[in-house]
Amino acid sequence: MSIRYLTAGETHGPQLTAIIEGLPSQLKLDFEAINFQLARRQKGHGRGRRMQIEKDTANIVGGVRHGYTTGAPVALVVENKDWASWSSIMNVEPIEGSDEEKRRVHRPRPGHADLNGGLKYNHKDLRNVLERSSARETAARVACGAIARQFLEAFGIKIAGQVIRIGEIEAPANNLSVDELIERTEASSVRVVDPETEAKMEAYIDEIKKEGDSIGGIVECVVEGVPVGLGSYVQYDRKLDGRIAQAVMSINAFKGVEIGIGFEAGVLRGSQVHDEILYEEGKGYTRASNRLGGFEGGMTNGMPVVVRGVMKPIPTLYKPLQTVDIDTKEPYTAQVERSDACAVPAASVVMEHVVAWEIAKAFLEKFGGDSMDEIKANYENYLAQVERY
Ligand SMILES: Cc1cc2nc3c(=O)[nH]c(=O)nc-3n(C[C@H](O)[C@H](O)[C@H](O)COP(=O)(O)O)c2cc1C
Ligand SMILES: C=C(O[C@@H]1CC(C(=O)O)=C[C@@H](OP(=O)(O)O)[C@H]1O)C(=O)O
């Protein structure tokens, strides 16, 4: 058993669409909780005007009856409210001198998908690239991930995220549990625990925005309650840490991933890195520390999964960089499209959901069944086996 999803839709098209395949039957869906996650993704200091226009909600249009999955593919739709202002630009063939032609994108933005996408798909209007490469698509991924999250919650697996750094400003380290993190970051405009850091980050983002520039950062996600043995060492594409890395790298603008202490593991000695194994009556095997972020051998080890990702600064700059006009091949400043200045807090929410998806997928591969009852029985059987070991 496995799960997969596909998304479709353009940022200024009518809607985003997702189809999820492989969900078991009997999963109770909390629609409000899906919408709550979508709303979290829209927030964050530094977002542009688009987020004031949208009010993302997932409309489930297949695979669910009376609030429960049926085992059929789940289809969902997230409407783009901004479509109302874009339908002519999206639908009308641009004629020279027309408003639509003025919105044609022909001065590719360094750092965005514009030029590579134009060359690859042979588009002379780079809007055809921009529309799908936009991180608007992450709304659909969060909706799918929010369903995965609810599946995991049924097995006591919980996820939280936080912002660790925005540009030069680093948040003080903490070792909070998922519940504490959820409680203490939710009200923060930049998804940090510490109010002083929040104020500093806000002022810093404002300054960068005023200069027509943009800024990236580092986000972290913690997953608690994960059983030992998700993923496997036996084949490269079954290593769950590798799959999580792929999922995180696939988020727009992400340039790196770490599990646990990550790159610091290249600096420290073995005795400073590896987590000593303990055995506790009633609790079973555990580790004295969690520097390896819950993974050994591509498998979960029962400790919290800790993942970090780094997001580069937003490519669209109000004070644009140099580029080349694809019509004339002359140097020109890059196109300026409405944009966020910093989307790191939003990206942390996206990361929680792509990680939730990968863990749910590995969970279903291991304990898979066609109904929640069947999966629960498989899971309990395995937990009993681990306990007897
Ligand atoms: C939540 C979120 C919001 C983003 N907002 C913008 C934006 O407003 N303007 C922009 O140019 N890029 C934005 N990006 C980044 C681009 O989507 C991304 O850089 C682009 O798709 C190119 O892909 P790559 O950076 O992964 O190579 C955003 C990314 C995320 C995750
Ligand atoms: C729409 C979203 O993010 C968008 C991601 C994005 C990009 O280039 O990635 C560019 C901006 O689009 P627009 O020009 O319409 O404002 C962001 O707002 C979203 O997160 O829902």
# chains A, B, ... in the order shown; residues from 1 in each chain; ligands from 1

$ select_by_dssp --residues "segment 244-368 of chain A" --states "strand (DSSP E or B)" --output "MDAnalysis selection string"
chainID A and resid 254:259 277:280 284:287 295:296 299:300 305:311 322:324 331:333

$ write_last_selection --atoms "N, CA and C atoms" --output "JSON list (two decimals), in the first residue's frame"
[["chain", "number", "residue", "atom", "x", "y", "z"],
["A", 254, "PHE", "N", 13.81, 26.20, -1.75],
["A", 254, "PHE", "CA", 14.64, 25.50, -0.75],
["A", 254, "PHE", "C", 15.95, 25.06, -1.39],
["A", 255, "LYS", "N", 17.04, 25.29, -0.67],
["A", 255, "LYS", "CA", 18.36, 24.99, -1.21],
["A", 255, "LYS", "C", 19.15, 23.99, -0.38],
["A", 256, "GLY", "N", 18.60, 23.51, 0.72],
["A", 256, "GLY", "CA", 19.35, 22.55, 1.53],
["A", 256, "GLY", "C", 18.47, 21.94, 2.60],
["A", 257, "VAL", "N", 18.85, 20.75, 3.04],
["A", 257, "VAL", "CA", 18.09, 20.01, 4.07],
["A", 257, "VAL", "C", 19.07, 19.42, 5.06],
["A", 258, "GLU", "N", 18.68, 19.39, 6.31],
["A", 258, "GLU", "CA", 19.47, 18.71, 7.34],
["A", 258, "GLU", "C", 18.55, 17.82, 8.16],
["A", 259, "ILE", "N", 19.08, 16.67, 8.57],
["A", 259, "ILE", "CA", 18.35, 15.81, 9.51],
["A", 259, "ILE", "C", 19.16, 15.88, 10.81],
["A", 277, "ILE", "N", 22.70, 4.29, 23.09],
["A", 277, "ILE", "CA", 21.47, 3.49, 23.19],
["A", 277, "ILE", "C", 21.20, 3.13, 24.65],
["A", 278, "LEU", "N", 19.95, 3.31, 25.05],
["A", 278, "LEU", "CA", 19.52, 2.99, 26.42],
["A", 278, "LEU", "C", 18.34, 2.03, 26.35],
["A", 279, "TYR", "N", 18.11, 1.34, 27.46],
["A", 279, "TYR", "CA", 16.89, 0.52, 27.54],
["A", 279, "TYR", "C", 16.17, 0.87, 28.84],
["A", 280, "GLU", "N", 14.90, 1.18, 28.70],
["A", 280, "GLU", "CA", 14.11, 1.52, 29.90],
["A", 280, "GLU", "C", 12.92, 0.60, 29.98],
["A", 284, "GLY", "N", 11.14, 0.60, 26.54],
["A", 284, "GLY", "CA", 11.92, -0.10, 25.51],
["A", 284, "GLY", "C", 13.21, 0.63, 25.20],
["A", 285, "TYR", "N", 13.69, 0.43, 23.97],
["A", 285, "TYR", "CA", 14.96, 1.05, 23.56],
["A", 285, "TYR", "C", 14.75, 2.54, 23.29],
["A", 286, "THR", "N", 15.72, 3.31, 23.73],
["A", 286, "THR", "CA", 15.66, 4.75, 23.45],
["A", 286, "THR", "C", 17.08, 5.26, 23.23],
["A", 287, "ARG", "N", 17.25, 6.56, 23.11],
["A", 287, "ARG", "CA", 18.60, 7.13, 22.91],
["A", 287, "ARG", "C", 18.82, 8.20, 23.98],
["A", 295, "PHE", "N", 16.93, 9.30, 12.96],
["A", 295, "PHE", "CA", 17.22, 8.36, 11.86],
["A", 295, "PHE", "C", 18.56, 7.65, 12.03],
["A", 296, "GLU", "N", 18.55, 6.37, 11.84],
["A", 296, "GLU", "CA", 19.78, 5.57, 11.65],
["A", 296, "GLU", "C", 19.44, 4.53, 10.58],
["A", 299, "MET", "N", 16.10, 4.48, 8.59],
["A", 299, "MET", "CA", 14.89, 4.08, 9.32],
["A", 299, "MET", "C", 14.71, 4.99, 10.53],
["A", 300, "THR", "N", 13.47, 5.20, 10.90],
["A", 300, "THR", "CA", 13.20, 5.93, 12.13],
["A", 300, "THR", "C", 13.66, 5.07, 13.30],
["A", 305, "VAL", "N", 11.62, 12.93, 14.98],
["A", 305, "VAL", "CA", 12.24, 13.24, 13.69],
["A", 305, "VAL", "C", 12.46, 14.75, 13.64],
["A", 306, "VAL", "N", 13.69, 15.17, 13.36],
["A", 306, "VAL", "CA", 13.99, 16.61, 13.33],
["A", 306, "VAL", "C", 14.58, 16.95, 11.95],
["A", 307, "VAL", "N", 13.91, 17.82, 11.24],
["A", 307, "VAL", "CA", 14.32, 18.17, 9.88],
["A", 307, "VAL", "C", 14.46, 19.69, 9.78],
["A", 308, "ARG", "N", 15.51, 20.12, 9.12],
["A", 308, "ARG", "CA", 15.68, 21.55, 8.86],
["A", 308, "ARG", "C", 15.80, 21.80, 7.36],
["A", 309, "GLY", "N", 15.36, 22.95, 6.95],
["A", 309, "GLY", "CA", 15.50, 23.30, 5.54],
["A", 309, "GLY", "C", 15.89, 24.76, 5.41],
["A", 310, "VAL", "N", 16.65, 25.06, 4.38],
["A", 310, "VAL", "CA", 17.04, 26.46, 4.16],
["A", 310, "VAL", "C", 16.37, 26.99, 2.90],
["A", 311, "MET", "N", 15.79, 28.17, 3.06],
["A", 311, "MET", "CA", 15.09, 28.82, 1.95],
["A", 311, "MET", "C", 15.92, 30.01, 1.49],
["A", 322, "GLN", "N", 19.92, 42.59, -12.87],
["A", 322, "GLN", "CA", 20.09, 42.61, -14.32],
["A", 322, "GLN", "C", 19.68, 41.28, -14.93],
["A", 323, "THR", "N", 19.10, 41.36, -16.12],
["A", 323, "THR", "CA", 18.77, 40.16, -16.87],
["A", 323, "THR", "C", 18.92, 40.48, -18.36],
["A", 324, "VAL", "N", 18.38, 39.59, -19.19],
["A", 324, "VAL", "CA", 18.42, 39.81, -20.64],
["A", 324, "VAL", "C", 16.99, 39.72, -21.15],
["A", 331, "PRO", "N", 20.63, 43.63, -22.56],
["A", 331, "PRO", "CA", 20.54, 43.65, -21.11],
["A", 331, "PRO", "C", 19.39, 44.55, -20.65],
["A", 332, "TYR", "N", 18.75, 44.14, -19.59],
["A", 332, "TYR", "CA", 17.60, 44.89, -19.08],
["A", 332, "TYR", "C", 17.43, 44.52, -17.61],
["A", 333, "THR", "N", 16.64, 45.30, -16.89],
["A", 333, "THR", "CA", 16.34, 44.90, -15.51],
["A", 333, "THR", "C", 15.21, 43.86, -15.55]]

$ residues_around --residues "Leu176 of chain A" --least-positions-apart "4" --cutoff "10 Å" --atoms "only C-alpha atoms" --output "VMD selection string"
chain A and resid 180 to 182 184 193 222

$ select_by_dssp --residues "segment 85-178 of chain A" --states "helix (DSSP H, G or I)" --output "ChimeraX atom specification"
/A:85-91,99-102,114-121,127-133,135-153,178

$ closest_atom_pairs --of "chain A" --to "ligand 1" --cutoff "7 Å" --atoms "only C-alpha atoms and all ligand atoms" --output "CSV"
residue,atom,partner,partner_atom_place_in_ligand_line,distance
A:Gly48,CA,ligand 1,8 (O),6.6
A:Gly111,CA,ligand 1,25 (O),6.1
A:His112,CA,ligand 1,22 (C),4.0
A:Ala113,CA,ligand 1,22 (C),4.8
A:Ser133,CA,ligand 1,21 (O),4.7
A:Ser134,CA,ligand 1,17 (O),4.5
A:Ala135,CA,ligand 1,17 (O),4.2
A:Thr138,CA,ligand 1,1 (C),6.9
A:Ser250,CA,ligand 1,26 (O),6.8
A:Ile251,CA,ligand 1,31 (C),5.8
A:Asn252,CA,ligand 1,26 (O),3.8
A:Ala253,CA,ligand 1,25 (O),3.1
A:Phe254,CA,ligand 1,26 (O),5.6
A:Ile314,CA,ligand 1,12 (N),4.5
A:Pro315,CA,ligand 1,11 (O),4.2
A:Thr316,CA,ligand 1,11 (O),3.8
A:Arg338,CA,ligand 1,8 (O),6.8
A:Ser339,CA,ligand 1,8 (O),3.6
A:Asp340,CA,ligand 1,8 (O),3.7
A:Ala341,CA,ligand 1,8 (O),6.8
A:Ala343,CA,ligand 1,3 (C),5.0
A:Val344,CA,ligand 1,1 (C),6.9
A:Ala346,CA,ligand 1,1 (C),4.9
A:Ala347,CA,ligand 1,31 (C),4.7

$ residues_around --residues "segment 72-89 of chain A" --least-positions-apart "2" --cutoff "10 Å" --atoms "only C-alpha atoms" --output "ChimeraX atom specification"
/A:3-25,35,38,50-64,69-70,91-94,99-104,127,136-137,139-140,143-144,147

$ write_last_selection --atoms "C-alpha atoms" --output "compact mmCIF listing (two decimals), in the first residue's frame"
# COMPACT_ATOMS: atom_id res chain seq x y z
CA ILE A 3 -0.23 6.87 -1.24
CA ARG A 4 0.46 9.46 -3.88
CA TYR A 5 -0.97 12.74 -5.07
CA LEU A 6 -0.82 15.01 -8.04
CA THR A 7 -1.65 18.69 -8.15
CA ALA A 8 -2.67 20.90 -11.06
CA GLY A 9 -3.47 24.55 -11.50
CA GLU A 10 -1.90 27.93 -12.14
CA THR A 11 -1.34 30.68 -9.61
CA HIS A 12 -3.69 33.06 -11.42
CA GLY A 13 -5.98 30.39 -12.84
CA PRO A 14 -9.38 29.56 -11.38
CA GLN A 15 -8.24 26.97 -8.84
CA LEU A 16 -5.71 24.44 -7.63
CA THR A 17 -6.75 20.82 -7.85
CA ALA A 18 -5.30 17.78 -6.10
CA ILE A 19 -6.08 14.09 -6.35
CA ILE A 20 -4.90 11.79 -3.57
CA GLU A 21 -4.78 8.10 -4.25
CA GLY A 22 -4.36 5.25 -1.78
CA LEU A 23 -5.93 6.67 1.37
CA PRO A 24 -7.64 3.96 3.41
CA SER A 25 -11.35 4.01 4.16
CA ASN A 35 -8.59 24.91 6.40
CA LEU A 38 -4.21 26.43 4.83
CA ARG A 50 -1.81 38.44 -2.68
CA MET A 51 -2.33 36.88 0.71
CA GLN A 52 -4.84 39.61 1.59
CA ILE A 53 -6.88 38.65 -1.46
CA GLU A 54 -6.95 34.88 -0.90
CA LYS A 55 -8.80 33.03 1.85
CA ASP A 56 -7.75 29.47 1.15
CA THR A 57 -10.17 26.66 1.88
CA ALA A 58 -10.15 23.10 0.59
CA ASN A 59 -13.34 21.96 -1.05
CA ILE A 60 -13.40 18.16 -1.05
CA VAL A 61 -15.10 16.97 -4.22
CA GLY A 62 -14.49 13.22 -4.19
CA GLY A 63 -13.66 10.20 -2.03
CA VAL A 64 -15.37 11.34 1.17
CA THR A 69 -12.86 8.61 3.42
CA THR A 70 -14.34 5.77 1.40
CA ASN A 91 -7.30 33.75 -21.31
CA VAL A 92 -6.81 36.39 -23.99
CA GLU A 93 -4.11 35.92 -26.64
CA PRO A 94 -1.77 38.93 -26.16
CA ASP A 99 -3.20 45.24 -21.76
CA GLU A 100 -2.60 41.50 -22.01
CA GLU A 101 0.57 42.07 -24.04
CA LYS A 102 1.81 44.49 -21.37
CA ARG A 103 1.60 41.63 -18.86
CA ARG A 104 3.63 39.29 -21.06
CA ARG A 127 4.04 33.80 -17.77
CA ARG A 136 0.91 29.07 -4.99
CA GLU A 137 0.98 25.34 -5.71
CA ALA A 139 -1.45 25.50 -0.99
CA ALA A 140 -2.53 22.25 -2.67
CA ALA A 143 -4.13 20.56 1.85
CA CYS A 144 -2.88 17.04 0.97
CA ILE A 147 -4.99 15.04 5.40

$ residues_around --residues "Ser232 of chain A" --least-positions-apart "4" --cutoff "12 Å" --atoms "only C-alpha atoms" --output "PyMOL selection string"
chain A and resi 228+236-243+295-301+362-363+365-366

$ write_last_selection --atoms "N, CA and C atoms" --output "compact mmCIF listing (two decimals), in the first residue's frame"
# COMPACT_ATOMS: atom_id res chain seq x y z
N VAL A 228 9.55 3.11 15.70
CA VAL A 228 10.81 2.65 15.14
C VAL A 228 10.52 1.85 13.86
N TYR A 236 18.09 2.01 -1.78
CA TYR A 236 18.29 3.47 -1.69
C TYR A 236 16.99 4.26 -1.66
N ASP A 237 16.01 3.82 -2.43
CA ASP A 237 14.79 4.62 -2.51
C ASP A 237 13.77 4.27 -1.42
N ARG A 238 14.19 3.45 -0.48
CA ARG A 238 13.33 3.20 0.67
C ARG A 238 13.83 3.88 1.93
N LYS A 239 14.97 4.57 1.81
CA LYS A 239 15.51 5.29 2.97
C LYS A 239 14.62 6.51 3.23
N LEU A 240 14.00 6.53 4.39
CA LEU A 240 13.01 7.59 4.64
C LEU A 240 13.66 8.96 4.83
N ASP A 241 14.87 8.99 5.39
CA ASP A 241 15.53 10.30 5.52
C ASP A 241 15.79 10.88 4.12
N GLY A 242 16.15 10.01 3.17
CA GLY A 242 16.37 10.46 1.79
C GLY A 242 15.09 10.97 1.14
N ARG A 243 14.01 10.30 1.41
CA ARG A 243 12.73 10.73 0.82
C ARG A 243 12.26 12.06 1.40
N PHE A 295 16.93 9.30 12.96
CA PHE A 295 17.22 8.36 11.86
C PHE A 295 18.56 7.65 12.03
N GLU A 296 18.55 6.37 11.84
CA GLU A 296 19.78 5.57 11.65
C GLU A 296 19.44 4.53 10.58
N GLY A 297 20.28 4.42 9.58
CA GLY A 297 20.07 3.43 8.52
C GLY A 297 18.85 3.71 7.65
N GLY A 298 18.51 4.98 7.50
CA GLY A 298 17.34 5.30 6.67
C GLY A 298 16.03 4.94 7.32
N MET A 299 16.10 4.48 8.59
CA MET A 299 14.89 4.08 9.32
C MET A 299 14.71 4.99 10.53
N THR A 300 13.47 5.20 10.90
CA THR A 300 13.20 5.93 12.13
C THR A 300 13.66 5.07 13.30
N ASN A 301 14.12 5.73 14.37
CA ASN A 301 14.59 4.97 15.54
C ASN A 301 13.70 5.20 16.76
N ALA A 362 5.24 6.35 4.34
CA ALA A 362 6.07 5.24 4.86
C ALA A 362 5.27 4.40 5.86
N PHE A 363 4.44 5.07 6.64
CA PHE A 363 3.61 4.38 7.63
C PHE A 363 2.65 3.42 6.92
N GLU A 365 3.03 2.19 3.94
CA GLU A 365 3.78 1.10 3.30
C GLU A 365 4.04 -0.02 4.29
N LYS A 366 4.30 0.36 5.54
CA LYS A 366 4.64 -0.65 6.54
C LYS A 366 3.40 -1.33 7.13

$ closest_residue --among "A:Gly270, A:Gly231, A:Pro345, A:Gly225" --to "ligand 2" --atoms "only C-alpha atoms and all ligand atoms"
A:Pro345

$ residues_around --residues "segment 200-206 of chain A" --least-positions-apart "2" --cutoff "10 Å" --atoms "only C-alpha atoms" --output "PyMOL selection string"
chain A and resi 44-47+165-171+189-190+192+195-198+208-216+341-342

$ write_last_selection --atoms "N, CA and C atoms" --output "compact mmCIF listing (two decimals), in the first residue's frame"
# COMPACT_ATOMS: atom_id res chain seq x y z
N GLY A 44 2.30 35.26 8.01
CA GLY A 44 3.74 35.50 8.14
C GLY A 44 4.11 36.91 7.72
N HIS A 45 4.91 37.55 8.54
CA HIS A 45 5.37 38.91 8.25
C HIS A 45 6.24 38.87 6.99
N GLY A 46 5.97 39.78 6.06
CA GLY A 46 6.79 39.83 4.85
C GLY A 46 6.07 39.32 3.61
N ARG A 47 4.88 38.76 3.81
CA ARG A 47 4.10 38.30 2.65
C ARG A 47 3.57 39.51 1.89
N ARG A 165 15.84 30.88 11.68
CA ARG A 165 16.65 32.03 11.26
C ARG A 165 15.95 32.77 10.14
N ILE A 166 16.04 34.11 10.16
CA ILE A 166 15.69 34.90 8.98
C ILE A 166 16.89 35.80 8.72
N GLY A 167 17.55 35.57 7.62
CA GLY A 167 18.76 36.34 7.29
C GLY A 167 19.75 36.33 8.44
N GLU A 168 20.08 37.54 8.91
CA GLU A 168 21.10 37.66 9.97
C GLU A 168 20.56 37.35 11.35
N ILE A 169 19.24 37.26 11.49
CA ILE A 169 18.65 37.10 12.84
C ILE A 169 18.35 35.63 13.12
N GLU A 170 19.01 35.13 14.18
CA GLU A 170 18.82 33.74 14.56
C GLU A 170 17.98 33.67 15.82
N ALA A 171 17.05 32.72 15.87
CA ALA A 171 16.24 32.54 17.09
C ALA A 171 17.05 31.76 18.11
N SER A 189 4.16 36.24 14.45
CA SER A 189 4.07 36.67 13.04
C SER A 189 5.20 36.07 12.20
N VAL A 190 6.22 35.55 12.87
CA VAL A 190 7.33 34.94 12.12
C VAL A 190 7.59 33.50 12.58
N VAL A 192 8.25 32.14 15.56
CA VAL A 192 9.32 31.87 16.52
C VAL A 192 8.70 31.83 17.92
N PRO A 195 9.43 36.29 21.81
CA PRO A 195 8.86 37.55 21.32
C PRO A 195 9.91 38.60 20.94
N GLU A 196 11.05 38.58 21.65
CA GLU A 196 12.10 39.55 21.32
C GLU A 196 12.67 39.29 19.91
N THR A 197 12.86 38.01 19.61
CA THR A 197 13.35 37.63 18.28
C THR A 197 12.31 38.01 17.23
N GLU A 198 11.06 37.79 17.58
CA GLU A 198 9.98 38.13 16.64
C GLU A 198 10.05 39.61 16.26
N ILE A 208 14.43 45.33 4.86
CA ILE A 208 14.83 44.70 3.60
C ILE A 208 13.80 44.98 2.51
N LYS A 209 12.55 44.92 2.91
CA LYS A 209 11.45 45.19 1.97
C LYS A 209 11.52 46.64 1.47
N LYS A 210 11.79 47.55 2.40
CA LYS A 210 11.89 48.98 2.05
C LYS A 210 13.00 49.22 1.03
N GLU A 211 14.02 48.41 1.11
CA GLU A 211 15.14 48.54 0.17
C GLU A 211 14.87 47.84 -1.16
N GLY A 212 13.67 47.28 -1.32
CA GLY A 212 13.33 46.59 -2.57
C GLY A 212 14.01 45.24 -2.69
N ASP A 213 14.41 44.70 -1.54
CA ASP A 213 15.16 43.44 -1.55
C ASP A 213 14.31 42.32 -0.92
N SER A 214 14.90 41.15 -0.75
CA SER A 214 14.17 40.02 -0.18
C SER A 214 15.12 39.24 0.73
N ILE A 215 14.55 38.32 1.52
CA ILE A 215 15.39 37.59 2.48
C ILE A 215 14.86 36.17 2.70
N GLY A 216 15.79 35.24 2.92
CA GLY A 216 15.41 33.85 3.19
C GLY A 216 15.67 33.47 4.63
N ALA A 341 8.26 39.61 0.21
CA ALA A 341 9.66 39.98 0.50
C ALA A 341 10.32 38.86 1.30
N CYS A 342 9.50 38.19 2.12
CA CYS A 342 10.00 37.07 2.94
C CYS A 342 8.84 36.10 3.13

$ closest_residue --among "A:Lys158, A:Arg109, A:Lys28, A:His353" --to "ligand 2" --atoms "only C-alpha atoms and all ligand atoms"
A:Arg109

$ atom_distance --atom1 "atom 10 (C, counted along the ligand's line) of ligand 2" --atom2 "atom CA of Ala146 of chain A"
22.1 Å

$ residues_around --residues "Leu152 of chain A" --least-positions-apart "4" --cutoff "8 Å" --atoms "only C-alpha atoms" --output "ChimeraX atom specification"
/A:148,156-158,356,360

$ write_last_selection --atoms "C-alpha atoms" --output "PDB file, in the first residue's frame"
ATOM      1  CA  ALA A 148      -1.787  13.030   5.963  1.00  0.00           C
ATOM      2  CA  GLY A 156      -0.549   9.555  18.020  1.00  0.00           C
ATOM      3  CA  ILE A 157       1.993  11.143  15.640  1.00  0.00           C
ATOM      4  CA  LYS A 158       2.215  14.936  15.955  1.00  0.00           C
ATOM      5  CA  ALA A 356       3.816  14.713   7.233  1.00  0.00           C
ATOM      6  CA  ALA A 360       2.272   8.940   6.367  1.00  0.00           C
TER       7      ALA A 360
END

$ closest_residue --among "A:Glu337, A:Glu264, A:Asp370, A:Asp114" --to "ligand 2" --atoms "only C-alpha atoms and all ligand atoms"
A:Glu337

$ closest_residue --among "A:Gly302, A:Gly217, A:Asp125, A:Gln235" --to "Val386 of chain A" --atoms "only C-alpha atoms"
A:Gly302
